[in-house]
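Below is one structure, written out as structure tokens, with a few remarks after it.
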Amino acid sequence: MTARRAAEIEPFLAVEIAERAFELESAGVDVVHLEFGEPDFEAPPVVADAALRAIKDGRTKYTSSLGILPLREAVVDHYAATYGVRIAPEQVLVTPGTSPAMMLLFGHLLDPGDEVVLGDPYYACYPNFIRYAEGRPVTVSTGEADGFALHAAAVRERLTPRTRAVLINSPANPTGAVMSAEATAAIADVAARGGAAVVSDEIYHDLVYEGRARSILEFTDRGFVLNGFSKAFAMTGWRLGYVIGPAADIRVLQRLYGNFFISTNEFVQWAGVAALREAGEDTRRFRTIFAERRRAMVDGVRRIGLGVGFEPTGAFYVLANARAYTQDSTAFARALLEEAHVAVTPGAAFGPSAEGYLRFSYASSVDRIEEGLRRIGRFLSRRR
């Protein structure tokens, strides 16, 4: 017997595609992975060294449920240096990745039937987190002709007395769109006037290729930040993230976290300290690599006949228009995997506005990107 809130959770299509790809690989098939947002290089050496040193020093016990103070102080310093905002360590809760932070945050903000406004396309798991907290996702359609921009006026139209939060993601998954300062400020103002908080997923903030990302904390004191180490520091499997918010709200989240998770692995937290304090040059190097891959991916996708009406300026994804070939992106992605042995994520995973699109991750090497696109090109030629 399954509870309703669990039954409502939809499959994560990127994971389902990847799992089938792993099955093919176990049978000896060479699969090109362009589905996952996972850098193909290792975390910076200073990060691994800090984790090993922490283990050798016996730093493997429970910590404060908020997280170790040196890591929270490093987050405070990072936001001060990068965005010019002042927060206190008591406003930071360290979590094993941003997903637990998201689950706790929506559990804190939402009563049954409360609403969260978000753009469509969206990160595939957002509606599931909201629904699991018994809330209701309310979407605002965006399109590539407008750079997948989420406009404050459109958000305002979707606000109701049940709106508790507006969720933004910049740079965005799956589009790679980066919100301007003006757009971020406008949404912060609209949310405040509607009595709603702004939840800002900033996990891709260090991966911007034109201009710079702006934190919601620059524009409101009612903002919640979700961030972590998976993308910019190539630390996906380390599972380390954090949430920043008003101190009173973080105290509530700390109480929830102490009940459900107790604390985050201490030695991984020391690795996070090293990442923020010592790995800045590594993140800049990673960004340069991704910029090269972005160019290869955008040019290559266009060359094989798929549409890229909007060039991403952040993260490491291209949302390519495949509507000339299909209106069922899930079936199309499965056919690509089975016939061309290339794994991509169907646009349907990211909301109705992305149906007929495919998300390509350029977290793989240029060689693998080019090989995958060659295979897809041959696959498409047979469908013309």
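Naming scheme: A, B, ... for chains in displayed order of the structure tokens; residues 1 onward per chain; ligands 1 onward as shown.
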
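In the backbone-derived DSSP annotation, strand (DSSP E) within segment 91-174 of chain A comprises Val92, Leu93, Val94, Thr95, Glu115, Val116, Val117, Leu118, Gly119, Asp120, Arg136, Pro137, Val138, Thr139, Val140, Ser141, Thr163, Arg164, Ala165, Val166, Leu167, Ile168 and Asn169 of chain A.
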
So that I can see what lies close to segment 313-315 of chain A, please list as a CSV table (one decimal) with N, CA, C and O atoms, in the first residue's frame the residues with an atom at most 7 Å from it, counting only C-alpha atoms and leaving out residues fewer than 5 positions away in the same chain.
```
chain,number,residue,atom,x,y,z
A,171,PRO,N,21.9,30.2,-13.0
A,171,PRO,CA,21.6,29.6,-14.3
A,171,PRO,C,20.7,28.4,-14.2
A,171,PRO,O,20.7,27.7,-13.2
A,172,ALA,N,19.9,28.2,-15.3
A,172,ALA,CA,18.8,27.3,-15.2
A,172,ALA,C,19.1,25.9,-15.8
A,172,ALA,O,19.8,25.8,-16.8
A,176,GLY,N,19.9,26.6,-19.4
A,176,GLY,CA,21.2,27.4,-19.4
A,176,GLY,C,21.0,28.8,-19.3
A,176,GLY,O,21.9,29.6,-19.5
A,177,ALA,N,19.7,29.3,-19.1
A,177,ALA,CA,19.4,30.7,-19.1
A,177,ALA,C,19.9,31.3,-17.8
A,177,ALA,O,19.8,30.7,-16.7
A,178,VAL,N,20.4,32.6,-17.8
A,178,VAL,CA,20.9,33.3,-16.7
A,178,VAL,C,20.0,34.6,-16.5
A,178,VAL,O,19.9,35.4,-17.4
A,204,TYR,N,24.3,26.3,-10.0
A,204,TYR,CA,25.2,26.5,-11.2
A,204,TYR,C,25.8,27.9,-11.2
A,204,TYR,O,26.3,28.3,-12.2
A,207,LEU,N,29.2,28.7,-12.9
A,207,LEU,CA,29.3,28.2,-14.3
A,207,LEU,C,28.5,29.2,-15.2
A,207,LEU,O,27.4,28.8,-15.7
A,208,VAL,N,29.0,30.4,-15.4
A,208,VAL,CA,28.4,31.4,-16.2
A,208,VAL,C,29.4,31.9,-17.2
A,208,VAL,O,30.6,32.1,-16.8
A,209,TYR,N,29.1,32.0,-18.5
A,209,TYR,CA,30.0,32.2,-19.5
A,209,TYR,C,29.9,33.6,-20.1
A,209,TYR,O,30.8,34.1,-20.8
A,210,GLU,N,28.8,34.3,-19.8
A,210,GLU,CA,28.6,35.7,-20.3
A,210,GLU,C,27.9,36.4,-19.1
A,210,GLU,O,26.9,36.0,-18.6
```

d(atom CA of Ala43 of chain A, atom CA of Gln269 of chain A) in Å: 14.0 Å

Surrounding residues of segment 16-18 of chain A excluding itself and chain neighbours under 6 positions, 10 Å, only C-alpha atoms, as a PyMOL selection string: chain A and resi 24+31+33-36+330+333-334+337+342-346

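Pairwise distance (atom CA of Gly119 of chain A, atom CA of Phe148 of chain A) equals 8.6 Å.
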
Please report, as a tab-separated table, each residue of segment 203-235 of chain A lying at most 12 Å from segment 359-377 of chain A, together with the nearest pair of atoms and the separation in Å rounded to one decimal; use only C-alpha atoms, and order rows by chain and ascending residue number.
```
residue	atom	partner	partner_atom	distance
A:Leu207	CA	A:Ala363	CA	11.5
A:Lys231	CA	A:Ala363	CA	9.5
A:Ala232	CA	A:Ala363	CA	11.2
A:Ala234	CA	A:Ala363	CA	9.9
```

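When only C-alpha atoms are used to measure the gap to Val166 of chain A, the shortest distance among A:Leu256, A:Ala197, A:Ala50, A:Leu105 belongs to A:Ala197.
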
Alpha helix (DSSP H) positions in segment 74-279 of chain A, given as an MDAnalysis selection string: chainID A and resid 74:83 98:109 126:132 152:158 181:193 247:260 266:278

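When only C-alpha atoms are used to measure the gap to Thr175 of chain A, the shortest distance among A:Glu38, A:Asp189, A:Glu144, A:Asp328 belongs to A:Glu144.
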
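Take the candidates A:Ile216, A:Ala188, A:Ala349, A:Ala124 and check each one against Ala153 of chain A using only C-alpha atoms; the shortest distance goes to A:Ala188.
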